[in-house]
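Trainee: Contents of run-v3.txt (compact mmCIF, C-alpha atoms) are below:
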```txt
# COMPACT_ATOMS: atom_id res chain seq x y z
CA MET A 507 106.23 -1.83 43.94
CA SER A 508 106.06 -1.12 40.22
CA VAL A 509 106.41 2.66 40.06
CA ILE A 510 109.49 4.49 41.31
CA ASP A 511 108.65 8.03 42.37
CA LEU A 512 111.53 10.53 42.44
CA THR A 513 109.39 13.65 43.01
CA SER A 514 110.74 14.06 46.55
CA LEU A 515 114.31 14.40 45.26
CA ASN A 516 113.82 17.98 44.10
CA LYS A 517 117.02 19.15 45.82
CA THR A 518 119.11 16.28 44.50
CA VAL A 519 121.70 16.72 41.78
CA ILE A 520 122.32 13.78 39.46
CA ALA A 521 125.22 13.74 37.01
CA VAL A 522 124.87 11.67 33.84
CA SER A 523 127.44 11.09 31.11
CA GLY A 524 127.10 9.97 27.48
CA LEU A 525 124.82 12.61 25.97
CA ASN A 526 125.53 12.02 22.32
CA THR A 527 122.72 10.70 20.15
CA GLY A 528 122.77 10.26 16.36
CA ASP A 529 123.80 7.08 14.55
CA ASN A 530 125.67 5.64 17.52
CA PRO A 531 123.58 6.87 20.42
CA GLN A 532 124.89 6.89 23.97
CA PRO A 533 122.67 6.00 26.94
CA GLY A 534 122.78 9.34 28.80
CA VAL A 535 119.79 11.01 27.15
CA PRO A 536 117.38 8.09 27.64
CA VAL A 537 118.62 7.64 31.21
CA ILE A 538 117.75 11.28 31.94
CA ARG A 539 114.37 10.90 30.25
CA CYS A 540 113.64 7.93 32.53
CA LEU A 541 114.53 10.01 35.59
CA ARG A 542 112.27 12.86 34.46
CA LYS A 543 109.51 10.34 33.77
CA ALA A 544 109.80 9.25 37.42
CA GLY A 545 109.06 12.83 38.46
CA PHE A 546 112.64 13.88 39.12
CA SER A 547 112.66 17.69 39.18
CA GLY A 548 116.08 18.19 40.73
CA LYS A 549 119.13 19.27 38.79
CA ILE A 550 120.69 17.16 36.04
CA ALA A 551 124.36 17.80 35.38
CA GLY A 552 125.63 16.53 32.05
CA PHE A 553 129.22 15.28 32.19
CA VAL A 554 130.40 15.56 28.60
CA TYR A 555 133.62 14.96 26.71
CA ASP A 556 132.69 16.87 23.59
CA ALA A 557 130.80 20.12 23.01
CA MET A 558 128.98 18.42 20.12
CA GLU A 559 127.12 15.96 22.34
CA SER A 560 123.58 16.68 21.20
CA GLY A 561 121.86 16.03 24.53
CA ILE A 562 123.45 19.21 25.90
CA TYR A 563 121.26 21.29 23.61
CA THR A 564 118.01 19.36 23.98
CA GLU A 565 115.44 21.46 25.81
CA GLY A 566 114.39 20.35 29.27
CA LEU A 567 117.05 17.67 29.58
CA VAL A 568 120.26 18.95 31.11
CA ASP A 569 120.30 21.87 33.54
CA VAL A 570 124.04 22.31 33.49
CA ALA A 571 126.83 20.71 31.46
CA TYR A 572 130.51 20.32 32.34
CA GLN A 573 133.16 19.24 29.91
CA PHE A 574 135.53 16.60 31.27
CA PRO A 575 138.96 15.47 30.07
CA TYR A 576 138.99 12.10 28.32
CA VAL A 577 139.29 9.07 30.56
CA ASN A 578 142.84 8.34 29.48
CA SER A 579 143.97 11.65 31.01
CA GLY A 580 144.21 9.87 34.36
CA GLN A 581 142.44 9.90 37.70
CA GLU A 582 144.20 12.98 39.05
CA THR A 583 143.12 15.12 36.12
CA PHE A 584 139.58 13.79 36.45
CA LEU A 585 139.43 14.54 40.17
CA GLN A 586 140.79 18.05 39.65
CA ARG A 587 138.01 18.72 37.18
CA LEU A 588 135.45 17.11 39.48
CA ASP A 589 136.56 19.25 42.40
CA TYR A 590 136.14 22.35 40.24
CA VAL A 591 132.61 21.20 39.32
CA LEU A 592 131.85 20.60 43.01
CA SER A 593 132.88 24.19 43.75
CA LYS A 594 130.02 25.21 41.43
CA THR A 595 127.37 22.65 42.31
CA LYS A 596 126.97 19.70 44.62
CA ILE A 597 126.62 16.29 42.99
CA ASP A 598 124.67 13.59 44.86
CA VAL A 599 124.70 10.74 42.35
CA ILE A 600 126.70 9.99 39.21
CA ILE A 601 125.38 7.58 36.56
CA PRO A 602 128.24 6.88 34.13
CA THR A 603 126.96 5.35 30.89
CA LEU A 604 130.03 4.87 28.69
CA ASP A 605 131.95 1.58 28.57
CA ALA A 606 135.39 3.17 28.61
CA GLU A 607 134.77 5.30 31.70
CA ILE A 608 133.06 2.75 33.97
CA ILE A 609 136.31 1.24 35.27
CA SER A 610 137.56 4.70 36.31
CA TYR A 611 134.38 5.34 38.27
CA ILE A 612 134.67 1.92 39.92
CA ARG A 613 138.24 2.69 41.03
CA LEU A 614 137.21 6.13 42.26
CA GLN A 615 134.16 5.02 44.27
CA GLN A 616 135.76 5.86 47.62
CA GLU A 617 137.13 9.19 46.38
CA LEU A 618 133.66 10.04 45.12
CA LEU A 619 132.05 8.97 48.38
CA ASN A 620 134.50 11.18 50.29
CA ARG A 621 133.05 14.03 48.24
CA GLY A 622 129.46 13.00 49.03
CA ILE A 623 128.87 11.44 45.62
CA ARG A 624 127.07 8.10 45.37
CA THR A 625 127.35 5.59 42.53
CA TYR A 626 125.89 2.10 42.11
CA LEU A 627 128.59 0.01 40.47
CA PRO A 628 130.16 -3.44 40.78
CA ASP A 629 133.65 -3.97 42.17
CA GLU A 630 136.61 -4.23 39.82
CA SER A 631 136.98 -8.02 39.87
CA THR A 632 133.30 -8.48 38.98
CA PHE A 633 133.61 -5.88 36.27
CA ASN A 634 136.56 -7.73 34.75
CA LEU A 635 134.71 -11.06 34.53
CA ARG A 636 132.45 -9.69 31.78
CA ASP A 637 135.32 -8.23 29.79
CA LYS A 638 135.27 -9.29 26.13
CA LEU A 639 138.64 -10.93 26.73
CA LYS A 640 137.33 -13.21 29.49
CA LEU A 641 133.74 -13.76 28.45
CA TYR A 642 134.31 -16.97 26.48
CA LYS A 643 136.38 -18.80 29.07
CA TYR A 644 134.44 -17.77 32.17
CA PHE A 645 130.91 -18.33 30.94
CA THR A 646 131.64 -21.45 28.89
CA GLU A 647 133.04 -23.00 32.06
CA HIS A 648 129.73 -22.19 33.76
CA GLY A 649 127.57 -23.85 31.11
CA ILE A 650 126.57 -20.76 29.15
CA LYS A 651 127.10 -20.83 25.39
CA VAL A 652 129.47 -18.14 24.12
CA PRO A 653 130.70 -17.94 20.51
CA LYS A 654 134.26 -19.16 20.08
CA THR A 655 136.57 -16.21 20.74
CA ALA A 656 140.22 -15.48 20.02
CA ILE A 657 142.24 -12.62 21.47
CA LEU A 658 144.45 -11.02 18.82
CA SER A 659 147.51 -8.94 19.56
CA ASP A 660 149.41 -9.58 16.35
CA LEU A 661 148.26 -9.32 12.74
CA ALA A 662 150.15 -12.55 12.06
CA GLN A 663 147.45 -14.46 13.95
CA ILE A 664 145.11 -13.62 11.07
CA LYS A 665 147.71 -13.93 8.30
CA GLU A 666 148.77 -17.38 9.49
CA ASP A 667 145.26 -18.63 10.39
CA LYS A 668 146.10 -19.18 14.04
CA MET A 669 142.63 -18.47 15.43
CA ASP A 670 140.73 -21.72 14.83
CA ILE A 671 137.61 -19.74 13.86
CA ASP A 672 135.93 -20.17 10.48
CA TYR A 673 135.13 -17.25 8.16
CA PRO A 674 133.07 -15.17 8.30
CA PHE A 675 133.66 -14.02 11.88
CA PHE A 676 133.39 -10.77 13.81
CA VAL A 677 136.39 -8.53 14.42
CA LYS A 678 135.75 -6.42 17.52
CA GLY A 679 137.46 -3.51 19.23
CA ARG A 680 138.30 -3.77 22.93
CA TYR A 681 135.51 -1.37 23.88
CA TYR A 682 133.54 -0.47 20.78
CA GLU A 683 132.70 -1.49 17.23
CA ALA A 684 132.40 -4.86 15.55
CA TYR A 685 132.69 -5.77 11.88
CA LYS A 686 131.98 -8.95 9.97
CA ALA A 687 135.05 -10.20 8.12
CA ASN A 688 134.28 -12.52 5.22
CA ASN A 689 137.87 -13.37 4.37
CA LYS A 690 141.47 -12.84 5.41
CA ASP A 691 141.84 -9.50 3.60
CA GLU A 692 138.80 -8.03 5.30
CA ALA A 693 139.89 -9.38 8.68
CA GLN A 694 143.34 -7.79 8.35
CA SER A 695 141.86 -4.49 7.23
CA ARG A 696 139.40 -4.36 10.16
CA TYR A 697 142.14 -5.40 12.58
CA THR A 698 144.31 -2.46 11.52
CA GLU A 699 141.37 -0.05 11.61
CA LEU A 700 140.30 -1.09 15.11
CA GLU A 701 143.87 -1.13 16.40
CA HIS A 702 144.30 2.50 15.35
CA LYS A 703 141.00 3.49 16.94
CA TRP A 704 140.88 1.55 20.18
CA GLY A 705 144.28 -0.12 20.56
CA LEU A 706 145.06 -3.76 21.24
CA PRO A 707 143.94 -6.39 21.80
CA ILE A 708 141.42 -7.08 19.05
CA ILE A 709 138.79 -9.77 19.52
CA ALA A 710 137.80 -12.33 16.86
CA GLN A 711 134.44 -13.90 17.58
CA GLU A 712 132.64 -16.75 15.80
CA LEU A 713 129.58 -15.64 13.83
CA ILE A 714 126.31 -17.10 15.10
CA HIS A 715 123.31 -16.79 12.79
CA GLY A 716 119.97 -15.99 14.38
CA ASP A 717 117.78 -13.38 15.98
CA GLU A 718 119.43 -10.76 18.18
CA PHE A 719 118.12 -10.27 21.71
CA ASN A 720 119.21 -7.76 24.34
CA VAL A 721 118.41 -7.75 28.04
CA VAL A 722 118.75 -4.78 30.38
CA MET A 723 119.07 -5.68 34.04
CA LEU A 724 119.65 -4.05 37.40
CA GLY A 725 121.32 -6.13 40.11
CA ARG A 726 121.81 -5.56 43.83
CA GLY A 727 125.27 -7.16 44.05
CA ASP A 728 124.12 -10.27 45.91
CA GLY A 729 122.86 -12.15 42.84
CA SER A 730 119.32 -10.80 43.16
CA ILE A 731 117.62 -8.80 40.43
CA VAL A 732 115.72 -5.54 40.81
CA GLY A 733 114.44 -5.64 37.24
CA MET A 734 115.00 -7.25 33.87
CA VAL A 735 113.60 -6.35 30.44
CA PRO A 736 114.41 -8.51 27.39
CA GLN A 737 113.84 -7.32 23.82
CA ARG A 738 114.31 -8.64 20.31
CA LYS A 739 115.83 -6.18 17.90
CA LEU A 740 113.36 -5.27 15.14
CA VAL A 741 115.42 -2.67 13.30
CA ILE A 742 119.19 -3.04 12.99
CA THR A 743 121.38 -0.38 11.40
CA GLU A 744 124.44 -0.98 9.26
CA LYS A 745 126.54 -0.51 12.38
CA GLY A 746 124.56 -3.24 14.11
CA LYS A 747 122.73 -0.82 16.39
CA GLY A 748 119.18 -1.67 17.37
CA PHE A 749 116.94 1.20 16.32
CA GLY A 750 113.73 -0.63 17.07
CA GLY A 751 112.80 -3.48 19.36
CA VAL A 752 109.98 -5.29 21.10
CA VAL A 753 109.81 -6.64 24.64
CA VAL A 754 109.57 -10.43 24.71
CA ARG A 755 108.79 -13.02 27.35
CA ASN A 756 110.95 -16.06 26.73
CA PRO A 757 111.55 -18.45 29.65
CA ALA A 758 114.87 -19.70 28.25
CA LEU A 759 116.14 -16.14 27.79
CA ASP A 760 115.00 -15.22 31.31
CA GLU A 761 116.79 -18.24 32.73
CA ILE A 762 120.14 -17.56 31.06
CA SER A 763 119.94 -13.86 31.99
CA ARG A 764 119.24 -14.62 35.62
CA LYS A 765 122.08 -17.14 35.63
CA VAL A 766 124.55 -14.60 34.24
CA LEU A 767 123.63 -11.96 36.80
CA ALA A 768 123.70 -14.49 39.64
CA LEU A 769 127.12 -15.79 38.56
CA LEU A 770 128.52 -12.28 38.48
CA LYS A 771 126.63 -11.05 41.56
CA TRP A 772 126.41 -7.87 39.54
CA LYS A 773 125.70 -4.57 41.27
CA GLY A 774 124.24 -1.87 39.06
CA ALA A 775 123.11 -1.67 35.46
CA LEU A 776 123.95 -4.36 32.93
CA GLU A 777 123.09 -5.17 29.33
CA LEU A 778 123.35 -8.66 27.84
CA GLU A 779 123.61 -9.20 24.08
CA LEU A 780 122.54 -12.63 22.89
CA ILE A 781 121.73 -14.47 19.68
CA LYS A 782 119.22 -17.30 19.40
CA ASP A 783 120.32 -19.91 16.86
CA SER A 784 118.14 -22.15 14.69
CA LYS A 785 118.01 -24.74 17.47
CA ASN A 786 116.59 -22.09 19.85
CA ASP A 787 119.80 -22.04 21.90
CA PHE A 788 120.92 -18.65 23.21
CA HIS A 789 124.55 -17.59 22.80
CA LEU A 790 125.95 -14.83 24.98
CA ILE A 791 127.74 -12.36 22.70
CA GLU A 792 128.62 -9.51 24.99
CA ILE A 793 127.96 -7.99 28.42
CA ASN A 794 127.93 -4.21 28.71
CA PRO A 795 128.48 -2.75 32.19
CA ARG A 796 125.88 0.01 31.96
CA PHE A 797 122.41 0.91 30.81
CA PRO A 798 121.89 0.56 27.05
CA ALA A 799 120.74 3.41 24.80
CA TRP A 800 117.34 1.67 24.54
CA VAL A 801 116.72 1.76 28.30
CA ARG A 802 113.57 3.86 27.84
CA LEU A 803 111.92 0.69 26.58
CA ALA A 804 112.34 -0.73 30.09
CA GLU A 805 110.54 2.26 31.53
CA GLY A 806 107.85 1.90 28.88
CA ALA A 807 107.43 -1.78 29.80
CA GLY A 808 106.87 -0.93 33.46
CA GLN A 809 110.40 -1.06 34.87
CA ASN A 810 112.03 2.34 35.32
CA LEU A 811 115.47 0.90 36.01
CA PRO A 812 117.44 4.21 35.98
CA ALA A 813 115.06 5.64 38.60
CA ALA A 814 115.47 2.48 40.67
CA LEU A 815 119.27 2.78 40.41
CA VAL A 816 119.13 6.33 41.81
CA MET A 817 117.12 5.11 44.82
CA LEU A 818 119.60 2.28 45.39
CA ALA A 819 122.57 4.62 45.07
CA LEU A 820 120.99 6.83 47.72
CA GLY A 821 120.76 3.84 50.06
CA GLN A 822 117.02 3.27 49.70
CA GLN A 823 115.41 -0.17 49.61
CA VAL A 824 113.94 -0.99 46.22
CA GLU A 825 111.66 -3.99 45.75
CA SER A 826 111.97 -6.09 42.61
CA PHE A 827 109.74 -5.07 39.74
CA PRO A 828 106.93 -7.35 38.60
CA ASP A 829 107.40 -8.93 35.16
CA CYS A 830 107.57 -6.44 32.32
CA THR A 831 104.93 -6.20 29.61
CA PRO A 832 105.74 -8.15 26.42
CA GLY A 833 104.73 -6.43 23.20
CA THR A 834 105.94 -3.00 24.33
CA MET A 835 108.07 -1.69 21.48
CA PHE A 836 110.30 1.23 20.58
CA ILE A 837 111.36 2.82 17.33
CA ARG A 838 114.19 5.32 17.43
CA HIS A 839 113.96 8.51 15.46
CA SER A 840 116.37 11.37 15.15
CA GLU A 841 115.52 15.04 14.98
CA ASP A 842 117.35 18.30 14.59
CA ILE A 843 118.06 20.26 17.76
CA ILE A 844 118.15 24.02 17.23
CA SER A 845 120.53 26.12 19.29
CA ASN A 846 122.88 29.04 18.75
CA ILE A 847 126.54 28.70 17.87
CA SER A 848 127.40 31.01 20.76
CA THR A 849 125.94 28.45 23.19
CA MET A 850 128.31 25.82 21.90
CA GLY A 851 131.07 28.44 21.90
CA LEU A 852 130.46 29.12 25.59
CA LEU A 853 130.80 25.44 26.43
CA SER A 854 133.87 25.05 24.22
CA SER A 855 135.69 28.04 25.70
CA SER A 856 134.70 27.79 29.36
CA GLY A 857 134.05 24.04 29.62
CA GLU A 858 130.66 24.59 31.21
CA LEU A 859 127.16 25.63 30.30
CA ASN A 860 124.23 26.60 32.49
CA ASN A 861 121.03 25.95 30.59
CA LYS A 862 118.58 27.07 33.24
CA GLY A 863 120.47 29.24 35.70
CA LYS A 864 119.34 26.94 38.53
CA MET B 1178 98.45 -31.37 16.87
CA ASN B 1179 100.30 -29.60 19.69
CA THR B 1180 98.75 -26.16 20.28
CA ASN B 1181 100.44 -25.32 23.60
CA HIS B 1182 102.52 -22.53 22.09
CA ILE B 1183 99.66 -20.94 20.17
CA LYS B 1184 97.85 -20.34 23.45
CA GLU B 1185 100.63 -17.94 24.46
CA LEU B 1186 100.14 -15.74 21.38
CA ALA B 1187 98.43 -12.37 21.44
CA LEU B 1188 95.83 -12.00 18.67
CA ASN B 1189 93.76 -8.88 18.11
CA ASP B 1190 90.51 -8.46 16.17
CA ASN B 1191 92.35 -7.10 13.12
CA GLY B 1192 94.35 -10.29 12.69
CA PHE B 1193 97.61 -9.00 14.16
CA LEU B 1194 99.41 -11.83 15.93
CA PHE B 1195 102.34 -11.36 18.32
CA ASP B 1196 104.54 -14.16 19.62
CA PRO B 1197 106.00 -12.92 22.94
CA THR B 1198 108.63 -15.67 23.11
CA THR B 1199 110.29 -14.79 19.79
CA GLY B 1200 109.21 -11.16 19.29
CA TYR B 1201 107.86 -12.01 15.84
CA SER B 1202 104.55 -10.64 14.63
CA TYR B 1203 102.25 -11.77 11.82
CA ASN B 1204 99.07 -10.74 10.04
CA THR B 1205 96.28 -13.12 9.17
CA ASN B 1206 93.00 -12.74 7.25
CA GLU B 1207 89.43 -13.00 8.48
CA LEU B 1208 89.20 -16.77 8.27
CA GLY B 1209 92.63 -17.04 9.88
CA ILE B 1210 91.32 -15.06 12.84
CA VAL B 1211 88.36 -17.42 13.15
CA ILE B 1212 90.63 -20.47 13.13
CA LEU B 1213 93.30 -19.02 15.44
CA LYS B 1214 90.81 -17.83 18.04
CA GLN B 1215 89.34 -21.30 18.26
CA LEU B 1216 92.75 -22.97 18.37
CA ILE B 1217 93.70 -20.64 21.21
CA ASP B 1218 90.45 -21.64 22.95
CA GLY B 1219 91.48 -25.28 22.64
CA LYS B 1220 88.85 -26.31 20.07
CA THR B 1221 89.40 -29.48 17.99
CA LYS B 1222 89.69 -29.55 14.20
CA ASP B 1223 86.15 -31.02 13.89
CA GLU B 1224 84.70 -28.29 16.10
CA ILE B 1225 86.44 -25.54 14.14
CA LEU B 1226 85.42 -26.95 10.74
CA SER B 1227 81.86 -27.33 11.92
CA SER B 1228 81.69 -23.68 13.00
CA ILE B 1229 83.12 -22.53 9.66
CA LEU B 1230 80.64 -24.65 7.68
CA ASP B 1231 77.82 -23.07 9.74
CA GLU B 1232 79.08 -19.54 9.07
CA TYR B 1233 80.46 -19.63 5.50
CA ASP B 1234 79.21 -20.88 2.14
CA VAL B 1235 81.97 -23.41 1.54
CA SER B 1236 82.17 -27.15 0.91
CA PHE B 1237 83.63 -29.53 3.47
CA ASP B 1238 86.31 -30.73 1.05
CA ASN B 1239 87.51 -27.19 0.36
CA ILE B 1240 87.66 -26.04 3.96
CA ASN B 1241 89.15 -29.32 5.11
CA HIS B 1242 91.99 -28.93 2.60
CA ASP B 1243 92.50 -25.21 3.35
CA PHE B 1244 92.47 -25.86 7.09
CA ASP B 1245 95.20 -28.47 6.82
CA HIS B 1246 97.25 -26.15 4.61
CA TYR B 1247 96.83 -23.30 7.11
CA LEU B 1248 98.01 -25.53 9.95
CA LEU B 1249 101.11 -26.46 7.96
CA GLN B 1250 101.83 -22.75 7.49
CA LEU B 1251 101.52 -22.22 11.26
CA ASP B 1252 103.76 -25.22 11.81
CA ALA B 1253 106.39 -23.77 9.44
CA LEU B 1254 106.34 -20.60 11.54
CA ASN B 1255 106.83 -22.67 14.73
CA LEU B 1256 103.50 -21.47 16.08
CA LEU B 1257 102.13 -24.98 16.53
CA GLU B 1258 103.21 -28.54 15.88
CA VAL B 1259 101.33 -30.66 13.37
CA THR B 1260 101.59 -34.36 14.19
CA ILE B 1261 101.08 -36.70 11.28
```
Would you mind writing the file's structure down as structure tokens?

Mentor:
Amino acid sequence: MSVIDLTSLNKTVIAVSGLNTGDNPQPGVPVIRCLRKAGFSGKIAGFVYDAMESGIYTEGLVDVAYQFPYVNSGQETFLQRLDYVLSKTKIDVIIPTLDAEIISYIRLQQELLNRGIRTYLPDESTFNLRDKLKLYKYFTEHGIKVPKTAILSDLAQIKEDKMDIDYPFFVKGRYYEAYKANNKDEAQSRYTELEHKWGLPIIAQELIHGDEFNVVMLGRGDGSIVGMVPQRKLVITEKGKGFGGVVVRNPALDEISRKVLALLKWKGALELELIKDSKNDFHLIEINPRFPAWVRLAEGAGQNLPAALVMLALGQQVESFPDCTPGTMFIRHSEDIISNISTMGLLSSSGELNNKGK
Amino acid sequence: MNTNHIKELALNDNGFLFDPTTGYSYNTNELGIVILKQLIDGKTKDEILSSILDEYDVSFDNINHDFDHYLLQLDALNLLEVTI
């Protein structure tokens, strides 16, 4: 089976988070576009944290939007808000797309199921294995190259050169953002900046020179793969975001990707970030527990992974996709969305917005 | 000359070349297209030079030198392996 058809799900309601686009785009908008491309004509509920998330105002995308409290508000607050939303509309499936919220959804899977809501996520122990803090130790032990990594919880580790990593190296936040530090001053400055933004610990990671590759995958939780699309980044922004890429077919990349997913027995969406060095060896840089913002490329290359995830979440059997088409490429462009300030005002004041009156 | 990798490349009639294993793409000129197509088809250097001499007004010495130089360029791009 190569085409997932969601046309029969016209009474289904799917909630998707992460609707911001712009210079640091979130995956929600492309995930929804993939679902629509599969013929999904049911209701899409946008779960948003901020009234400025641009996907809310994009025509034909989100039928209804609900503002949620930030993840750090706690499970009880989240469930109270969810129960309010459920008093307005049923939700059949939730696809969370933001790193920081995935763990909450994993912990709440049973609570969600009790409310008739399906997800397709790994368990907590699997989720933790790909954490930036554990990546180096776990995967190096299993024969996969990972850049040397140090976990920093004290600025003195940089000041006193206690990391055993040569400059320049990357200074990374626990969940988001990474900066190259060329010297001790820059490393200390980035450490402080990231600590204020995302808290401790901070991660120092060896810099590997080479081409950047990303792989989006969907696993069943038993080590098997529903689909896998690898790309090389063609356009990289100052923030390191891939704004253009091309699908590749590289046996070594396929092998390492399959090995990672099999080791984790990952259930759900997954993105691998890798760098190929001058000796053609791949180094695993990061594993993200969700679809990437470039997931439409997978759909374009013949693997509509978000649509497949919906079918799996609903308990349907989904066959593995045939190999994707190398040479398929994407270039990201931004455009202005026109709305009315009162629309945003309605969402800001009431916490919800009905775009279509469905 | 090891041309195994070059057989995996996608080449169109305009000289656009895509390497699916690395994601790199290249452009080549008309004569480059002629050479690459025949390399992809598994032709030998003698066969390729012979076809070029039939088609173009060029001396053997010139095309022989240019051909070797072109192969070295392809080698530098890791598209084939020149064995000396």

Trainee: Env of Leu1194 in chain B: 8 Å cut, atoms = only C-alpha atoms, seq-sep filter 4 positions within chain, self excluded. Answer as a list in words.

Mentor: Leu1186, Ala1187, Leu1188, Asn1189, Ser1202, Tyr1203, Asn1204 and Thr1205 of chain B

Trainee: Which residue, B:Thr1198, B:Leu1254, B:Ser1228, B:Asn1181, has the smallest gap to Val1211 in chain B when you use all atoms listed in the file?

Mentor: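 Between B:Thr1198, B:Leu1254, B:Ser1228, B:Asn1181, the residue approaching Val1211 in chain B most closely is B:Ser1228.
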
Trainee: Which chain A residues are at most 12 Å from chain B (counting only C-alpha atoms), as a PyMOL selection string?

Mentor: chain A and resi 716-720+736-740+750-760+781-786+788+830-835

Trainee: Hey, which of A:Ile538, A:Leu661, A:Met669, A:Ala571 ends up closest to Glu699 in chain A? Count only C-alpha atoms.

Mentor: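 Among the listed residues, the smallest separation from Glu699 in chain A belongs to A:Leu661.
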
Trainee: May I ask for the distance between CA of Tyr685 in chain A and CA of Leu525 in chain A, given in Å to one decimal place?

Mentor: 24.5 Å

Trainee: For Ala804 in chain A, which residue among A:Val577, A:Thr743, A:Arg539, A:Asn861 is the nearest when counting all atoms listed in the file?

Mentor: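 Checking each of A:Val577, A:Thr743, A:Arg539, A:Asn861 against Ala804 in chain A, counting all atoms listed in the file, the winner is A:Arg539.
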
Trainee: Counting all atoms listed in the file, which residues sit no farther than 6 Å from the position (103.9, -28.4, 18.9) in the file's frame? I'd like them as a PyMOL selection string.

Mentor: chain B and resi 1179-1180+1257-1258

Trainee: What separation in Å, quoted to one decimal, exists between CA of Pro602 in chain A and CA of Thr698 in chain A?

Mentor: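 Computing it gives 29.3 Å between the two atoms.
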
Trainee: What's the 12 Å shell around Ser1236 in chain B, counting only C-alpha atoms, without same-chain residues fewer than 6 positions away, as a PDB file with C-alpha atoms, in the frame of the given file?

Mentor:
```pdb
ATOM      1  CA  LEU B1226      85.420 -26.950  10.740  1.00  0.00           C
ATOM      2  CA  SER B1227      81.860 -27.330  11.920  1.00  0.00           C
ATOM      3  CA  ILE B1229      83.120 -22.530   9.660  1.00  0.00           C
ATOM      4  CA  LEU B1230      80.640 -24.650   7.680  1.00  0.00           C
ATOM      5  CA  HIS B1242      91.990 -28.930   2.600  1.00  0.00           C
ATOM      6  CA  ASP B1243      92.500 -25.210   3.350  1.00  0.00           C
TER       7      ASP B1243
END
```

Trainee: With 8 Å as the threshold, what does the neighbourhood of (122.8, 7.1, 44.8) contain in terms of residues, counting all atoms listed in the file? Coordinates are those of the file; answer as a ChimeraX atom specification.

Mentor: /A:598-600,623-626,815-821

Trainee: Quick check, in Å to one decimal: how far apart do CA of Tyr644 in chain A and CA of Ile664 in chain A lie?

Mentor: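 That distance, rounded to one decimal, is 24.0 Å.
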